[in-house]
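K.L.:
So here's coords_10.cif (mmCIF, C-alpha atoms).
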```cif
data_protein
#
loop_
_atom_site.label_atom_id
_atom_site.label_comp_id
_atom_site.auth_asym_id
_atom_site.auth_seq_id
_atom_site.Cartn_x
_atom_site.Cartn_y
_atom_site.Cartn_z
CA MET D 1 1.43 19.51 41.57
CA ILE D 2 0.77 15.79 41.20
CA GLY D 3 4.49 15.14 41.04
CA ALA D 4 5.12 17.06 44.26
CA PHE D 5 2.31 15.15 45.97
CA ALA D 6 3.75 11.81 44.84
CA ILE D 7 7.25 12.71 45.99
CA ASN D 8 5.94 13.92 49.35
CA THR D 9 4.00 10.69 49.80
CA VAL D 10 7.04 8.57 49.00
CA ALA D 11 9.18 10.70 51.29
CA SER D 12 6.76 10.34 54.20
CA PHE D 13 6.69 6.57 53.67
CA GLY D 14 10.45 6.62 53.81
CA ARG D 15 10.47 8.71 56.99
CA ALA D 16 7.93 6.40 58.57
CA SER D 17 10.02 3.34 57.70
CA ILE D 18 13.21 4.85 59.13
CA PHE D 19 11.20 5.84 62.21
CA LEU D 20 9.96 2.25 62.54
CA PHE D 21 13.49 0.93 62.22
CA GLN D 22 14.66 3.25 65.01
CA ILE D 23 11.75 2.17 67.20
CA ILE D 24 12.62 -1.49 66.75
CA LEU D 25 16.26 -0.74 67.57
CA GLY D 26 14.95 0.61 70.89
CA PHE D 27 13.67 -2.86 71.81
CA LYS D 28 16.70 -3.49 74.00
CA ASP D 29 15.98 -0.41 76.11
CA VAL D 30 12.36 -1.50 76.51
CA ILE D 31 13.53 -4.83 77.91
CA LEU D 32 16.03 -3.14 80.23
CA ARG D 33 13.45 -0.67 81.53
CA SER D 34 10.34 -2.79 81.78
CA SER D 35 8.73 -0.34 84.23
CA LEU D 36 8.26 2.11 81.35
CA LEU D 37 6.59 -0.63 79.30
CA ILE D 38 4.26 -1.54 82.16
CA LYS D 39 3.23 2.08 82.60
CA GLU D 40 2.39 2.29 78.90
CA LEU D 41 0.59 -1.06 78.96
CA TYR D 42 -1.61 0.48 81.61
CA SER D 43 -2.45 3.64 79.70
CA VAL D 44 -2.74 1.92 76.29
CA GLY D 45 -4.20 -1.45 77.24
CA VAL D 46 -5.96 -1.33 80.57
CA LEU D 47 -7.65 2.00 79.93
CA SER D 48 -9.02 0.65 76.62
CA LEU D 49 -10.62 -2.29 78.43
CA LEU D 50 -13.92 -0.61 79.17
CA ILE D 51 -14.81 0.28 75.59
CA ILE D 52 -13.66 -3.13 74.34
CA VAL D 53 -15.73 -5.03 76.91
CA PHE D 54 -18.78 -2.91 76.24
CA SER D 55 -18.60 -3.16 72.45
CA ALA D 56 -17.88 -6.88 72.57
CA THR D 57 -20.94 -7.49 74.71
CA PHE D 58 -23.28 -5.61 72.42
CA VAL D 59 -21.74 -6.86 69.16
CA GLY D 60 -22.12 -10.44 70.35
CA MET D 61 -25.71 -9.84 71.39
CA VAL D 62 -26.72 -8.16 68.14
CA LEU D 63 -24.97 -10.82 66.07
CA SER D 64 -26.80 -13.56 67.90
CA LEU D 65 -30.15 -11.82 67.63
CA LEU D 66 -29.88 -11.10 63.90
CA GLY D 67 -28.42 -14.52 63.16
CA TYR D 68 -31.30 -16.16 64.97
CA VAL D 69 -33.92 -14.18 63.05
CA THR D 70 -32.40 -15.34 59.73
CA LEU D 71 -31.54 -18.91 60.66
CA VAL D 72 -34.85 -19.75 62.32
CA ASP D 73 -36.61 -19.48 58.94
CA PHE D 74 -34.54 -22.43 57.71
CA GLY D 75 -34.83 -24.38 60.93
CA ALA D 76 -31.07 -24.06 61.24
CA GLU D 77 -30.90 -22.07 64.48
CA SER D 78 -28.65 -24.75 65.94
CA SER D 79 -25.91 -23.28 63.70
CA LEU D 80 -26.17 -19.99 65.58
CA GLY D 81 -23.10 -20.79 67.67
CA VAL D 82 -21.00 -21.38 64.55
CA LEU D 83 -22.20 -18.14 63.01
CA VAL D 84 -21.46 -16.05 66.09
CA ALA D 85 -18.10 -17.68 66.86
CA LEU D 86 -16.73 -17.69 63.33
CA SER D 87 -17.70 -14.13 62.52
CA LEU D 88 -16.28 -12.86 65.81
CA ILE D 89 -13.04 -14.84 65.64
CA ARG D 90 -12.25 -14.40 61.97
CA GLU D 91 -13.46 -10.91 61.29
CA LEU D 92 -15.26 -8.76 63.81
CA GLY D 93 -12.99 -9.39 66.79
CA PRO D 94 -9.72 -8.31 65.17
CA VAL D 95 -11.18 -5.51 63.02
CA LEU D 96 -13.52 -3.88 65.54
CA SER D 97 -10.92 -4.08 68.31
CA ALA D 98 -8.37 -2.44 66.03
CA LEU D 99 -10.77 0.35 65.05
CA LEU D 100 -11.79 0.99 68.66
CA PHE D 101 -8.16 0.78 69.72
CA SER D 102 -7.12 3.38 67.17
CA GLY D 103 -9.88 5.68 68.38
CA ARG D 104 -9.23 5.15 72.09
CA ALA D 105 -5.48 4.59 72.37
CA GLY D 106 -4.02 5.60 69.00
CA SER D 107 -5.46 9.10 69.04
CA ALA D 108 -4.28 9.58 72.63
CA LEU D 109 -0.76 8.49 71.68
CA THR D 110 -0.69 10.90 68.74
CA ALA D 111 -1.97 13.81 70.79
CA GLU D 112 0.43 13.09 73.65
CA ILE D 113 3.50 12.90 71.46
CA GLY D 114 2.38 15.79 69.26
CA LEU D 115 1.98 17.95 72.34
CA MET D 116 5.36 16.82 73.69
CA LYS D 117 6.82 17.99 70.42
CA ALA D 118 4.89 21.28 70.43
CA THR D 119 6.03 22.08 73.95
CA GLU D 120 9.59 21.11 72.99
CA GLN D 121 9.84 18.32 75.54
CA LEU D 122 11.27 15.99 72.92
CA ALA D 123 13.86 18.58 71.89
CA SER D 124 14.91 19.19 75.48
CA MET D 125 15.36 15.43 75.98
CA GLU D 126 17.71 15.41 73.04
CA MET D 127 19.57 18.30 74.67
CA MET D 128 20.07 16.08 77.73
CA ALA D 129 21.43 13.33 75.48
CA VAL D 130 18.36 11.16 76.03
CA ASP D 131 17.11 9.64 72.79
CA PRO D 132 13.35 10.46 72.76
CA ILE D 133 12.66 7.56 70.40
CA ARG D 134 14.09 5.06 72.83
CA ARG D 135 12.74 6.71 75.97
CA ILE D 136 9.27 7.80 74.77
CA ILE D 137 8.33 6.13 71.51
CA SER D 138 9.63 2.56 71.81
CA PRO D 139 7.83 1.66 75.05
CA ARG D 140 4.57 2.98 73.61
CA PHE D 141 5.04 1.04 70.40
CA PHE D 142 5.64 -2.28 72.13
CA ALA D 143 2.82 -1.60 74.58
CA GLY D 144 0.45 -1.13 71.63
CA LEU D 145 1.78 -4.22 69.89
CA ILE D 146 1.14 -6.33 73.01
CA SER D 147 -2.14 -4.72 74.07
CA LEU D 148 -4.19 -5.07 70.91
CA PRO D 149 -3.93 -8.89 70.62
CA LEU D 150 -4.82 -9.20 74.30
CA LEU D 151 -7.80 -6.88 73.86
CA THR D 152 -8.84 -8.83 70.78
CA LEU D 153 -8.81 -12.11 72.71
CA LEU D 154 -11.05 -10.52 75.31
CA PHE D 155 -13.30 -9.14 72.59
CA MET D 156 -13.73 -12.59 71.02
CA GLY D 157 -14.36 -14.36 74.31
CA ILE D 158 -16.81 -11.82 75.66
CA GLY D 159 -18.59 -11.51 72.31
CA ILE D 160 -19.13 -15.25 72.03
CA TYR D 161 -20.32 -15.50 75.59
CA SER D 162 -22.81 -12.66 75.22
CA GLY D 163 -23.96 -14.24 71.95
CA TYR D 164 -24.56 -17.40 73.92
CA MET D 165 -26.51 -15.48 76.56
CA VAL D 166 -28.87 -14.01 73.96
CA GLY D 167 -29.08 -17.08 71.73
CA SER D 168 -29.39 -19.83 74.28
CA VAL D 169 -30.65 -18.25 77.45
CA TRP D 170 -33.02 -15.71 75.96
CA LEU D 171 -34.07 -17.06 72.54
CA GLY D 172 -33.95 -20.70 73.57
CA VAL D 173 -31.53 -22.25 71.06
CA ASP D 174 -30.44 -25.65 72.37
CA GLU D 175 -27.36 -25.11 74.52
CA GLY D 176 -25.76 -28.42 73.56
CA SER D 177 -25.97 -27.89 69.82
CA PHE D 178 -24.90 -24.25 70.20
CA TRP D 179 -21.59 -25.30 71.74
CA SER D 180 -21.06 -28.66 70.05
CA GLN D 181 -21.60 -27.30 66.54
CA MET D 182 -19.32 -24.38 67.39
CA GLN D 183 -16.65 -26.73 68.66
CA SER D 184 -16.86 -28.98 65.64
CA LYS D 185 -16.70 -26.11 63.12
CA VAL D 186 -14.22 -23.71 64.73
CA ASP D 187 -10.66 -24.83 64.20
CA PHE D 188 -7.99 -23.73 66.65
CA ARG D 189 -5.13 -23.30 64.19
CA GLY D 190 -7.21 -22.18 61.23
CA ASP D 191 -9.49 -19.73 63.00
CA VAL D 192 -8.34 -18.68 66.47
CA VAL D 193 -4.64 -18.42 65.61
CA ASN D 194 -5.33 -16.69 62.30
CA GLY D 195 -7.56 -14.16 64.05
CA LEU D 196 -4.78 -13.55 66.52
CA ILE D 197 -2.24 -13.06 63.71
CA LYS D 198 -4.57 -10.48 62.21
CA SER D 199 -4.73 -8.58 65.47
CA VAL D 200 -0.92 -8.60 65.86
CA VAL D 201 -0.64 -7.06 62.37
CA PHE D 202 -3.30 -4.48 63.20
CA GLY D 203 -1.65 -3.62 66.50
CA PHE D 204 1.63 -3.08 64.70
CA VAL D 205 0.13 -0.86 62.02
CA VAL D 206 -2.19 1.18 64.24
CA THR D 207 0.49 1.98 66.81
CA TRP D 208 3.04 2.74 64.13
CA ILE D 209 0.72 5.19 62.38
CA ALA D 210 -0.30 6.84 65.65
CA LEU D 211 3.28 7.32 66.83
CA TYR D 212 4.52 8.50 63.46
CA GLN D 213 1.71 11.04 63.14
CA GLY D 214 2.46 12.37 66.60
CA TYR D 215 6.19 12.49 66.09
CA ASN D 216 5.79 14.17 62.73
CA ALA D 217 3.10 16.69 63.71
CA TYR D 218 3.51 20.42 63.13
CA PRO D 219 4.34 21.83 66.54
CA THR D 220 1.21 24.00 66.72
CA SER D 221 -2.19 23.31 68.25
CA GLU D 222 -3.67 23.06 64.76
CA GLY D 223 -0.91 20.68 63.72
CA VAL D 224 -1.55 18.40 66.69
CA SER D 225 -5.27 18.33 66.00
CA ARG D 226 -4.66 17.49 62.34
CA ALA D 227 -2.20 14.77 63.30
CA THR D 228 -4.75 13.22 65.65
CA THR D 229 -7.40 13.20 62.94
CA ASN D 230 -4.97 11.72 60.43
CA SER D 231 -3.91 9.08 62.89
CA VAL D 232 -7.45 7.75 63.32
CA VAL D 233 -8.37 8.04 59.64
CA TYR D 234 -5.21 6.40 58.31
CA SER D 235 -5.39 3.68 60.93
CA ALA D 236 -8.96 2.84 59.97
CA LEU D 237 -8.10 2.75 56.26
CA ALA D 238 -5.00 0.65 56.85
CA VAL D 239 -6.87 -1.80 59.09
CA LEU D 240 -9.73 -2.31 56.64
CA GLY D 241 -7.43 -2.63 53.64
CA LEU D 242 -5.06 -5.03 55.37
CA ASP D 243 -8.01 -7.00 56.66
CA PHE D 244 -9.12 -7.77 53.13
CA LEU D 245 -5.61 -8.87 52.16
CA LEU D 246 -5.16 -11.03 55.25
CA THR D 247 -8.59 -12.60 54.87
CA ALA D 248 -7.85 -13.43 51.25
CA LEU D 249 -4.53 -14.99 52.29
CA MET D 250 -5.83 -16.91 55.29
CA PHE D 251 -9.29 -18.15 54.49
CA MET D 252 -9.26 -18.76 50.77
CA MET W 1 5.90 3.81 94.51
CA GLY W 2 2.23 3.43 95.42
CA SER W 3 0.77 4.35 92.04
CA SER W 4 3.35 2.24 90.21
CA ARG W 5 2.37 -0.80 92.30
CA LYS W 6 -1.29 -0.22 91.42
CA THR W 7 -0.35 0.03 87.75
CA GLU W 8 1.54 -3.24 87.94
CA ILE W 9 -1.42 -4.99 89.52
CA THR W 10 -3.96 -3.72 86.98
CA VAL W 11 -1.67 -4.57 84.06
CA GLY W 12 -1.14 -8.03 85.51
CA ALA W 13 -4.89 -8.53 85.88
CA PHE W 14 -5.41 -7.36 82.29
CA VAL W 15 -2.85 -9.81 80.91
CA LEU W 16 -4.26 -12.66 82.99
CA MET W 17 -7.80 -11.92 81.82
CA ALA W 18 -6.65 -11.98 78.20
CA LEU W 19 -4.85 -15.28 78.73
CA LEU W 20 -7.99 -16.66 80.34
CA ALA W 21 -9.97 -15.59 77.27
CA PHE W 22 -7.40 -17.37 75.11
CA VAL W 23 -7.75 -20.60 77.08
CA TYR W 24 -11.53 -20.25 76.85
CA LEU W 25 -11.32 -19.81 73.07
CA ALA W 26 -8.98 -22.78 72.76
CA LEU W 27 -10.87 -25.22 74.93
CA ASN W 28 -14.48 -24.16 74.80
CA VAL W 29 -14.97 -22.56 71.41
CA SER W 30 -12.58 -24.41 69.12
CA ASN W 31 -12.03 -28.13 69.10
CA LEU W 32 -8.73 -28.18 70.96
CA THR W 33 -9.57 -30.49 73.83
CA GLY W 34 -7.06 -32.91 75.20
CA PHE W 35 -9.21 -34.11 78.05
CA SER W 36 -12.87 -34.73 78.56
CA SER W 37 -14.32 -33.91 81.91
CA ASP W 38 -17.38 -36.16 81.95
CA LYS W 39 -16.94 -39.72 83.10
CA GLY W 40 -19.04 -42.41 81.53
CA TYR W 41 -18.76 -45.66 79.70
CA GLN W 42 -17.77 -46.33 76.11
CA VAL W 43 -19.84 -48.27 73.61
CA SER W 44 -19.00 -48.92 69.99
CA ALA W 45 -21.14 -49.64 66.95
CA SER W 46 -20.41 -50.47 63.32
CA PHE W 47 -22.21 -48.75 60.48
CA ASP W 48 -22.22 -49.34 56.72
CA ASN W 49 -22.24 -45.60 56.14
CA ILE W 50 -21.99 -42.83 58.69
CA GLY W 51 -22.79 -39.99 56.26
CA GLY W 52 -21.62 -36.69 57.75
CA LEU W 53 -21.37 -37.82 61.35
CA SER W 54 -18.48 -36.13 63.13
CA LYS W 55 -16.70 -36.41 66.45
CA ARG W 56 -18.52 -34.75 69.37
CA ALA W 57 -21.87 -35.41 67.72
CA LYS W 58 -24.75 -35.98 70.11
CA VAL W 59 -25.95 -39.41 71.21
CA THR W 60 -29.62 -39.26 72.13
CA LEU W 61 -32.23 -41.42 73.73
CA SER W 62 -35.73 -40.43 72.57
CA GLY W 63 -34.21 -37.04 71.77
CA VAL W 64 -32.57 -36.59 75.16
CA ALA W 65 -28.80 -36.10 74.88
CA VAL W 66 -27.08 -38.83 76.89
CA GLY W 67 -23.59 -38.85 75.41
CA ARG W 68 -21.21 -37.87 72.63
CA VAL W 69 -19.35 -39.54 69.78
CA ILE W 70 -15.70 -39.62 70.78
CA ASP W 71 -14.05 -41.52 67.96
CA ILE W 72 -14.74 -42.56 64.39
CA SER W 73 -12.51 -45.01 62.57
CA TYR W 74 -12.64 -47.48 59.71
CA ASP W 75 -12.49 -51.14 60.63
CA LYS W 76 -10.42 -52.96 58.01
CA GLU W 77 -11.61 -56.43 59.14
CA THR W 78 -15.30 -55.86 58.64
CA PHE W 79 -15.04 -53.02 56.06
CA ARG W 80 -17.41 -50.89 58.07
CA ALA W 81 -17.15 -47.63 59.97
CA LYS W 82 -16.63 -48.04 63.69
CA VAL W 83 -18.11 -45.31 65.88
CA THR W 84 -17.14 -45.14 69.54
CA MET W 85 -19.39 -43.11 71.81
CA ARG W 86 -19.26 -42.19 75.44
CA ILE W 87 -22.51 -42.47 77.35
CA ASN W 88 -23.10 -40.71 80.64
CA SER W 89 -22.62 -42.98 83.61
CA ASP W 90 -26.09 -42.27 85.00
CA VAL W 91 -27.63 -43.91 81.90
CA ASN W 92 -26.68 -47.43 82.98
CA TYR W 93 -29.91 -49.23 82.10
CA LEU W 94 -29.61 -49.69 78.31
CA PRO W 95 -30.33 -53.29 77.18
CA THR W 96 -27.68 -55.09 75.14
CA ASP W 97 -29.91 -55.24 72.05
CA THR W 98 -30.20 -51.45 71.86
CA GLN W 99 -30.35 -50.18 68.28
CA ALA W 100 -28.18 -47.26 67.08
CA SER W 101 -29.32 -45.16 64.12
CA ILE W 102 -27.85 -42.07 62.51
CA TYR W 103 -30.32 -39.26 61.94
CA THR W 104 -30.14 -35.64 60.88
CA SER W 105 -31.61 -32.90 63.04
CA GLY W 106 -33.58 -30.55 60.83
CA LEU W 107 -33.01 -29.99 57.15
CA LEU W 108 -29.56 -28.42 57.45
CA GLY W 109 -28.67 -29.59 60.92
CA GLU W 110 -25.92 -31.82 62.19
CA GLN W 111 -26.09 -35.61 62.28
CA TYR W 112 -26.49 -37.46 65.53
CA ILE W 113 -26.91 -40.98 66.85
CA SER W 114 -30.24 -42.05 68.23
CA LEU W 115 -30.44 -45.09 70.50
CA GLU W 116 -33.58 -47.18 70.76
CA PRO W 117 -33.60 -49.55 73.75
CA GLY W 118 -34.35 -53.19 73.10
CA ALA W 119 -35.86 -55.81 75.37
CA GLU W 120 -32.93 -57.81 76.82
CA ASP W 121 -32.44 -58.02 80.55
CA ASP W 122 -28.64 -57.62 80.39
CA VAL W 123 -27.44 -54.00 80.23
CA LEU W 124 -24.62 -52.38 78.23
CA LYS W 125 -21.28 -52.07 79.98
CA ASP W 126 -17.99 -50.35 79.18
CA SER W 127 -16.57 -51.30 75.75
CA SER W 128 -19.55 -53.39 74.73
CA GLN W 129 -20.68 -53.47 71.13
CA LEU W 130 -24.01 -52.50 69.62
CA ASP W 131 -25.01 -55.08 66.99
CA ILE W 132 -28.15 -53.59 65.52
CA THR W 133 -27.39 -50.41 63.59
CA GLN W 134 -28.99 -48.30 60.92
CA SER W 135 -26.82 -46.24 58.62
CA ALA W 136 -27.18 -42.60 57.75
CA LEU W 137 -29.58 -41.73 55.00
CA VAL W 138 -27.54 -40.57 52.03
CA LEU W 139 -29.69 -38.45 49.79
CA GLU W 140 -27.95 -39.36 46.54
CA GLU W 141 -28.34 -43.06 47.26
CA LEU W 142 -32.00 -42.57 48.00
CA ILE W 143 -32.60 -40.61 44.81
CA GLY W 144 -30.65 -43.24 42.87
CA LYS W 145 -32.85 -46.05 44.22
CA PHE W 146 -35.98 -44.08 43.55
CA MET W 147 -34.89 -43.28 40.00
CA SER W 148 -34.01 -46.89 39.17
CA SER W 149 -37.28 -48.23 40.51
CA PHE W 150 -39.13 -45.50 38.67
CA MET W 151 -37.37 -46.41 35.41
CA SER W 152 -38.00 -50.14 35.78
CA LYS W 153 -41.71 -49.55 36.39
CA LYS W 154 -42.02 -47.50 33.22
CA GLU W 155 -40.76 -50.28 30.98
#
```
Show me this structure written as C-alpha cells.

P.N.:
Amino acid sequence: MIGAFAINTVASFGRASIFLFQIILGFKDVILRSSLLIKELYSVGVLSLLIIVFSATFVGMVLSLLGYVTLVDFGAESSLGVLVALSLIRELGPVLSALLFSGRAGSALTAEIGLMKATEQLASMEMMAVDPIRRIISPRFFAGLISLPLLTLLFMGIGIYSGYMVGSVWLGVDEGSFWSQMQSKVDFRGDVVNGLIKSVVFGFVVTWIALYQGYNAYPTSEGVSRATTNSVVYSALAVLGLDFLLTALMFM
Amino acid sequence: MGSSRKTEITVGAFVLMALLAFVYLALNVSNLTGFSSDKGYQVSASFDNIGGLSKRAKVTLSGVAVGRVIDISYDKETFRAKVTMRINSDVNYLPTDTQASIYTSGLLGEQYISLEPGAEDDVLKDSSQLDITQSALVLEELIGKFMSSFMSKKE
C-alpha cells in the first residue's frame, strides 16, 4: 500500500518533469506564433488584474494601519514606510500574488485543459498531426511565467502606495520620513530584485502544476473537478514551501 | 481581427503598467536614484562623529525640512567626516556662521541634521563650508563618560 503510493508519487513526478521538458521544447513555436502567446497573456494576465489590484490595495491599507498601531507606542511611526515596503516587497507581494494567481488563473488553466482532454479535443489535434503540447500547453505556460512577475510588480507598487495613503494621508505620519526611511532601508538589488526572482519561481511552479494537473486529469467531469482542486491545493503548498526556502537563501 | 486587436492593446497596457510599477519601485521605493530632481545649493560640514547619519537624511531648520544629505565621506586631511548636504534654493538667507548639529528623531528614529542660524550678515552660497558643528550623541561614549566621572567621585 505504502510502496504503491511511493512508486505512484515518484512516477507522477517523472511524468511532470518529462511534461515540463516537452513544454520548454515548445518555446520555439511560442516565439514563432506570438499571437497565441498574446491571447494567453490576456486570459491569464490581464483578466487576473482586477483581483490583484483589489487585494493589493486592501493588503497595503491593513498593513499600514496595523503597523501604525504597533509602532506609535514606541514613537517609531516614522518607520512605517520601511515596514510596509519591506514586507510587501520581500514577502507578501510575491506570495499573495502567487496564491491569488493560482486561484484565478491556475484553476482556469487546469479546468480548460482538463475539459479539452475530456471532450477529446487534444486527441483530435494529435490525429491532425498537431502537437497539443506545442499548440495548447506551451503558450499557456510561458504566458503564466511572464504574467505572474508583472502582476507581482503591480501588487508591490499598489500595496505600497495604498499603505502610504492610509499611513500618511489618513493617520498623519510625516510624508518625508515615510519615503526617506523607506528609500534608505529598501535596497534595489537585495529586496526588489530578490522579490522579483521569487515571483518568477512561483510563476513557473504554479503554471507547471496547473497545466500538468489539467493534462493529466481523468477525462470525466469528476476527474476535471478533482484536478482543479488539486491544482490549487498543490500550488498553494508548493508556493508556501518554496517561499520558506527562497527566503532562507536570500535574506539570511 | 477586431477582438485580436483589442487583446493586443489590453495586453500592451498591462505590460506597460507593470513596467511602470517596476520603475516606481526602483526609483521611489528603493534607493536606486541616479538623478535628483530638486535644484538647490550644496553646503558641506565636518563632524568628529556622525553616528548613524546616512545619505538622504533630512536637513532641518527649527524642525522644518529644508534639504537632504547627499554625500558622506571621510576627509583624510582633517581626519573628520565630511557631510555634503543640498539645501533648497528658496532657503537662501542662512548666515555663514550657521551651526550644524546631528540629532536623532525619537528614541528609535533616524538621525538628521539640524541647522541653527547665526548672526552674520553674509549668507551661505553654493559649496560653502559650515565651521561650527556638533557631533552625533553616541550613547556608549556618553555612558562611558558618566561611568568614569561617577567612579572618580566615589574615590

K.L.:
So which residues touch W:Gly52 within 9 Å, counting all atoms listed in the file, skipping near sequence neighbours fewer than 3 positions away, as a PyMOL selection string?

P.N.:
chain W and resi 110-111+136

K.L.:
Measure the distance from atom CA of D:Val186 to atom CA of D:Phe244 in Å and round it to one decimal.

P.N.:
20.4 Å

K.L.:
Please evaluate the PyMOL selection byres ((chain W and resi 65) around 12) against the structure above and give the resulting residues as a VMD selection string.

P.N.:
(chain D and resid 174 to 177 180) or (chain W and resid 56 to 64 66 to 69 86 to 88 91 112 to 115)

K.L.:
Give one line per residue of chain D that approaches chain W to at most 8 Å, naming the two atoms of the closest pair and their distance in Å to one decimal, counting only C-alpha atoms; sort by chain then ascending residue number and deliver it as a tab-separated table.

P.N.:
```
residue	atom	partner	partner_atom	distance
D:Ile38	CA	W:Glu8	CA	6.6
D:Lys39	CA	W:Thr7	CA	6.6
D:Leu41	CA	W:Val11	CA	6.6
D:Tyr42	CA	W:Val11	CA	5.6
D:Gly45	CA	W:Phe14	CA	7.9
D:Val46	CA	W:Phe14	CA	6.3
D:Phe74	CA	W:Leu107	CA	7.7
D:Gly75	CA	W:Gly106	CA	6.3
D:Ala76	CA	W:Leu108	CA	6.0
D:Ser78	CA	W:Gly109	CA	7.0
D:Ser79	CA	W:Gly109	CA	7.4
D:Ala85	CA	W:Val29	CA	7.4
D:Leu150	CA	W:Ala18	CA	5.1
D:Leu151	CA	W:Ala18	CA	6.8
D:Leu153	CA	W:Ala21	CA	5.9
D:Leu154	CA	W:Ala18	CA	5.5
D:Met156	CA	W:Leu25	CA	7.9
D:Gly157	CA	W:Ala21	CA	5.4
D:Ile158	CA	W:Ala21	CA	8.0
D:Trp179	CA	W:Val29	CA	7.2
D:Ser180	CA	W:Arg56	CA	6.6
D:Gln181	CA	W:Glu110	CA	7.6
D:Met182	CA	W:Val29	CA	6.2
D:Gln183	CA	W:Ser30	CA	4.7
D:Ser184	CA	W:Asn31	CA	6.0
D:Lys185	CA	W:Ser30	CA	7.5
D:Val186	CA	W:Ser30	CA	4.7
D:Asp187	CA	W:Ser30	CA	5.3
D:Phe188	CA	W:Ser30	CA	5.3
D:Val192	CA	W:Leu25	CA	7.3
```

K.L.:
Keeping only C-alpha atoms, write the selected residues to a file as a short mmCIF file (atom, residue, chain, number, x, y, z; two decimals), in the frame of the given file.

P.N.:
```cif
data_model
loop_
_atom_site.label_atom_id
_atom_site.label_comp_id
_atom_site.auth_asym_id
_atom_site.auth_seq_id
_atom_site.Cartn_x
_atom_site.Cartn_y
_atom_site.Cartn_z
CA ILE D 38 4.26 -1.54 82.16
CA LYS D 39 3.23 2.08 82.60
CA LEU D 41 0.59 -1.06 78.96
CA TYR D 42 -1.61 0.48 81.61
CA GLY D 45 -4.20 -1.45 77.24
CA VAL D 46 -5.96 -1.33 80.57
CA PHE D 74 -34.54 -22.43 57.71
CA GLY D 75 -34.83 -24.38 60.93
CA ALA D 76 -31.07 -24.06 61.24
CA SER D 78 -28.65 -24.75 65.94
CA SER D 79 -25.91 -23.28 63.70
CA ALA D 85 -18.10 -17.68 66.86
CA LEU D 150 -4.82 -9.20 74.30
CA LEU D 151 -7.80 -6.88 73.86
CA LEU D 153 -8.81 -12.11 72.71
CA LEU D 154 -11.05 -10.52 75.31
CA MET D 156 -13.73 -12.59 71.02
CA GLY D 157 -14.36 -14.36 74.31
CA ILE D 158 -16.81 -11.82 75.66
CA TRP D 179 -21.59 -25.30 71.74
CA SER D 180 -21.06 -28.66 70.05
CA GLN D 181 -21.60 -27.30 66.54
CA MET D 182 -19.32 -24.38 67.39
CA GLN D 183 -16.65 -26.73 68.66
CA SER D 184 -16.86 -28.98 65.64
CA LYS D 185 -16.70 -26.11 63.12
CA VAL D 186 -14.22 -23.71 64.73
CA ASP D 187 -10.66 -24.83 64.20
CA PHE D 188 -7.99 -23.73 66.65
CA VAL D 192 -8.34 -18.68 66.47
#
```

K.L.:
When the PyMOL selection byres ((chain W and resi 132-135) around 9) is applied to the structure above, which residues does it catch, written out as a PDB file with C-alpha atoms, in the coordinates of the input?

P.N.:
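The file below, result04.pdb, is the result:
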```pdb
ATOM      1  CA  ALA W  45     -21.140 -49.640  66.950  1.00  0.00           C
ATOM      2  CA  SER W  46     -20.410 -50.470  63.320  1.00  0.00           C
ATOM      3  CA  PHE W  47     -22.210 -48.750  60.480  1.00  0.00           C
ATOM      4  CA  ASP W  48     -22.220 -49.340  56.720  1.00  0.00           C
ATOM      5  CA  ASN W  49     -22.240 -45.600  56.140  1.00  0.00           C
ATOM      6  CA  ILE W  50     -21.990 -42.830  58.690  1.00  0.00           C
ATOM      7  CA  GLY W  51     -22.790 -39.990  56.260  1.00  0.00           C
ATOM      8  CA  ASP W  97     -29.910 -55.240  72.050  1.00  0.00           C
ATOM      9  CA  THR W  98     -30.200 -51.450  71.860  1.00  0.00           C
ATOM     10  CA  GLN W  99     -30.350 -50.180  68.280  1.00  0.00           C
ATOM     11  CA  ALA W 100     -28.180 -47.260  67.080  1.00  0.00           C
ATOM     12  CA  SER W 101     -29.320 -45.160  64.120  1.00  0.00           C
ATOM     13  CA  ILE W 102     -27.850 -42.070  62.510  1.00  0.00           C
ATOM     14  CA  TYR W 103     -30.320 -39.260  61.940  1.00  0.00           C
ATOM     15  CA  LEU W 130     -24.010 -52.500  69.620  1.00  0.00           C
ATOM     16  CA  ASP W 131     -25.010 -55.080  66.990  1.00  0.00           C
ATOM     17  CA  ALA W 136     -27.180 -42.600  57.750  1.00  0.00           C
ATOM     18  CA  LEU W 137     -29.580 -41.730  55.000  1.00  0.00           C
ATOM     19  CA  VAL W 138     -27.540 -40.570  52.030  1.00  0.00           C
TER      20      VAL W 138
END
```

K.L.:
Can you measure atom CA of D:Arg33 to atom CA of D:Phe141 for me? One decimal in Å is fine.

P.N.:
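So the two atoms, atom CA of D:Arg33 and atom CA of D:Phe141, lie 14.1 Å apart.
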
K.L.:
The PyMOL selection byres ((chain D and resi 247) around 10) on the file shown: which residues, as number ranges by chain?

P.N.:
D: 90-91, 194-195, 198, 242-246, 248-252

K.L.:
Work out where the centre of an axis-aligned box around every listed atom of stretch 4-12 of chain W lies and how long its edges are once 5 Å is added on each side; give both in Å to one decimal as JSON.

P.N.:
```
{"center_x": -0.3, "center_y": -2.9, "center_z": 88.2, "size_x": 17.3, "size_y": 20.3, "size_z": 18.2}
```

K.L.:
Just how far from atom CA of D:Ser48 is atom CA of D:Tyr161, in Å to one decimal?

P.N.:
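Computing it gives 19.7 Å between the two atoms.
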
K.L.:
Could you check which of W:Ala119, W:Leu124, W:Met147, W:Leu53 is closest to W:Ser73, using only C-alpha atoms?

P.N.:
W:Leu53

K.L.:
Extract, using all atoms listed in the file, all DNA, RNA and protein residues at most 7 Å from D:Glu77, discarding same-chain residues fewer than 4 positions from it, and format them as a list of chain:residue names.

P.N.:
D:Tyr68, D:Leu71, D:Val72, D:Val173

K.L.:
Skip D:Phe101 itself and residues of its chain fewer than 5 positions away, then list as a ChimeraX atom specification all residues within 12 Å of it, counting all atoms listed in the file.

P.N.:
/D:43-53,55,93-96,106-109,144-145,147-152,155,199,202-207,210,231-232,235-236,239

K.L.:
Smallest atom-to-atom distance to D:Ile137: which of D:Val193, D:Ala56, D:Leu25, D:Ile2, using only C-alpha atoms?

P.N.:
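For D:Ile137, the nearest of the candidates is D:Leu25.
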